[in-house]
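First up is the structure itself, then whatever we jot down about it.
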Amino acid sequence: MKRGLLWLPFALFALLFGVVAFGLKAPADRTIHSAMVGKPLPDFALPGIIQTKPGLDSTLFHKGKPRLLNVFASWCIPCVAEAPQLMRLKMMGVPIDAIAIRDTGPAIEGFLRRNGDPYERIGDDKISAVQLSLGSSGVPETFVVDGQGKIVQQHIGDIREEDIPALLAALQGAQ
Amino acid sequence: MSLSHLRHAGLVPASIVPQGSRPLRTRNSGPRNKSGVTAGIVLGLLLATPAIADSGLPPAALANTQLHDPALEAKAQALMVTLRCLVCQGQSIADSDADMAGDMRALVRQRIAAGESPESIRHWLIERYGDYVTYDPPFSAVTAPLWLAPILLLAIGVWLARGSFKRRKRT
């Protein structure tokens, strides 16, 4: 018994060493996933940000057809990178609405002129209030919402070509 | 001092620190050849301008303005130091200059001013972001070791001390 106990500090050290080595090999994922996935979309009503498009109301997501909700901003560089993929989704007939975070009308108009306009509606969220209620922690993020107003998936970061099949599958599954 | 602070102060070129207080979400683009990387870094240093990773909008009304009622402000402040800034991740929203932290402070002050209790606001945020958002983690299966380890270690310490004292008495 006593002899065995002698090895205890060494065993503890080996355990700690193992934990640290594992942490070095597989760094922690710092992405903050929204806890709202699987829950109903919070109620909100945002005014429009540009003249040519209506604002965004959460009742729109209860009309029986799944939609994408894109959280973006004109000052966000990865949002420029994902713009072509959103245009592709639009061409495939996916309805996309957006929430513009901390933005202005002229800046959004310029962004849409330069990068294309995949959006049906754009809501103006000047103080990130709706973004916070969605559990979103940055731009860009895209939520898949089914026709009954339930959030079924969250895509964090810019949408890339390889992400399209998963998004389409989520939209299909939400039918 | 974190790198993102350096970037805001304009000390480090944006090409080296692409992370603003809003994260620029990038993934690894795979290996590149070495001289290309060096040339890229040199070119980046020469052409560096601060990346615009923050909005140009002024902060929300209550982001940097205290509530008129000192008692309510104290309540809001006490809550804000225990809420994590989601973009800086190591700071509380009371400490952070990030746009989103400002918007979260505005949210806290608005709700406190409207008469909501701090615990209900914390609960609202946990519902959206998980326990990660609070610096005061609730007791759960995941946090159990955190709360129980000190008690366990103390018990081991007492046991060890008892052993040593006994031995001294005998000799």
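Naming works like this for the structure tokens: A, B, ... for the chains as they're shown, residue 1 at the start of each chain, ligands 1 onward in shown order.
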
Proximal residues of chain B relative to chain A (only C-alpha atoms; 6 Å) as a ChimeraX atom specification: /B:25,55,60,103,128-130

Non-local contacts of Gln91 in chain B (12 Å; only C-alpha atoms; under 4 positions in same chain excluded) as JSON, numbers by chain: {"B": [1, 2, 21, 80, 81, 82, 83, 84, 85, 86, 87, 95, 96, 97, 98, 101, 133, 134, 135]}

Write out, as a PDB file, in the first residue's frame, the residues just selected, with C-alpha atoms.
ATOM      1  CA  MET B   1      -2.232  43.969 -23.114  1.00  0.00           C
ATOM      2  CA  SER B   2      -3.764  41.903 -25.876  1.00  0.00           C
ATOM      3  CA  SER B  21     -12.770  43.191 -31.826  1.00  0.00           C
ATOM      4  CA  MET B  80     -21.634  43.644 -16.273  1.00  0.00           C
ATOM      5  CA  VAL B  81     -18.364  42.605 -14.620  1.00  0.00           C
ATOM      6  CA  THR B  82     -19.647  39.012 -14.501  1.00  0.00           C
ATOM      7  CA  LEU B  83     -20.690  38.798 -18.160  1.00  0.00           C
ATOM      8  CA  ARG B  84     -18.221  37.686 -20.797  1.00  0.00           C
ATOM      9  CA  CYS B  85     -17.514  39.773 -23.864  1.00  0.00           C
ATOM     10  CA  LEU B  86     -18.270  37.347 -26.691  1.00  0.00           C
ATOM     11  CA  VAL B  87     -15.790  38.750 -29.186  1.00  0.00           C
ATOM     12  CA  ASP B  95     -13.844  46.043 -19.523  1.00  0.00           C
ATOM     13  CA  SER B  96     -14.122  45.730 -23.282  1.00  0.00           C
ATOM     14  CA  ASP B  97     -14.060  48.390 -25.976  1.00  0.00           C
ATOM     15  CA  ALA B  98     -15.578  46.085 -28.599  1.00  0.00           C
ATOM     16  CA  ALA B 101     -19.617  44.640 -25.603  1.00  0.00           C
ATOM     17  CA  VAL B 133     -21.434  34.005 -21.285  1.00  0.00           C
ATOM     18  CA  THR B 134     -21.367  34.188 -17.491  1.00  0.00           C
ATOM     19  CA  TYR B 135     -18.271  34.400 -15.307  1.00  0.00           C
TER      20      TYR B 135
END

Which of A:Met92, A:Leu46, A:Leu69, A:Leu112 sits closest to Val152 in chain A [using only C-alpha atoms]: A:Leu69

Å distance separating CA of Ile151 in chain B from CA of Gly23 in chain A, one decimal place: 25.9 Å

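In this structure, CA of Met100 in chain B sits 9.6 Å away from CA of Ala63 in chain B.
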
Give me the residues within 10 Å of range 164-168 of chain A as a PDB file with C-alpha atoms, in the first residue's frame, counting only C-alpha atoms and dropping any in the same chain fewer than 5 places off.
ATOM      1  CA  LEU A  68     -32.242  31.775 -44.502  1.00  0.00           C
ATOM      2  CA  GLN A  85     -22.290  31.976 -52.292  1.00  0.00           C
ATOM      3  CA  LEU A  86     -25.397  33.800 -51.101  1.00  0.00           C
ATOM      4  CA  ARG A  88     -25.728  31.221 -55.740  1.00  0.00           C
ATOM      5  CA  LEU A  89     -28.277  30.203 -53.096  1.00  0.00           C
ATOM      6  CA  MET A  92     -31.309  28.204 -56.570  1.00  0.00           C
ATOM      7  CA  VAL A  94     -33.612  29.980 -51.589  1.00  0.00           C
ATOM      8  CA  THR A 142     -26.543  32.474 -41.131  1.00  0.00           C
ATOM      9  CA  PHE A 143     -29.550  30.849 -39.509  1.00  0.00           C
ATOM     10  CA  VAL A 144     -31.786  28.289 -41.186  1.00  0.00           C
ATOM     11  CA  GLN A 153     -29.313  25.412 -37.891  1.00  0.00           C
ATOM     12  CA  GLN A 154     -26.681  28.076 -37.378  1.00  0.00           C
ATOM     13  CA  HIS A 155     -23.779  28.584 -39.748  1.00  0.00           C
ATOM     14  CA  ILE A 159     -20.451  30.507 -46.241  1.00  0.00           C
ATOM     15  CA  GLY A 173     -35.023  18.872 -43.894  1.00  0.00           C
ATOM     16  CA  ALA A 174     -36.927  21.882 -42.596  1.00  0.00           C
TER      17      ALA A 174
END

Nearest to Leu79 in chain B, chosen from B:Pro118, B:Pro59, B:Gly102, B:Gly157, with only C-alpha atoms counted in the distances: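 With only C-alpha atoms as the atom set, the closest residue is B:Pro118.
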
Given only C-alpha atoms as the counted atoms, nearest of B:Arg105, B:Lys166, B:Arg111, B:His123 to Gln66 in chain B: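 When distances to Gln66 in chain B are compared using only C-alpha atoms, the smallest one comes from B:Arg105.
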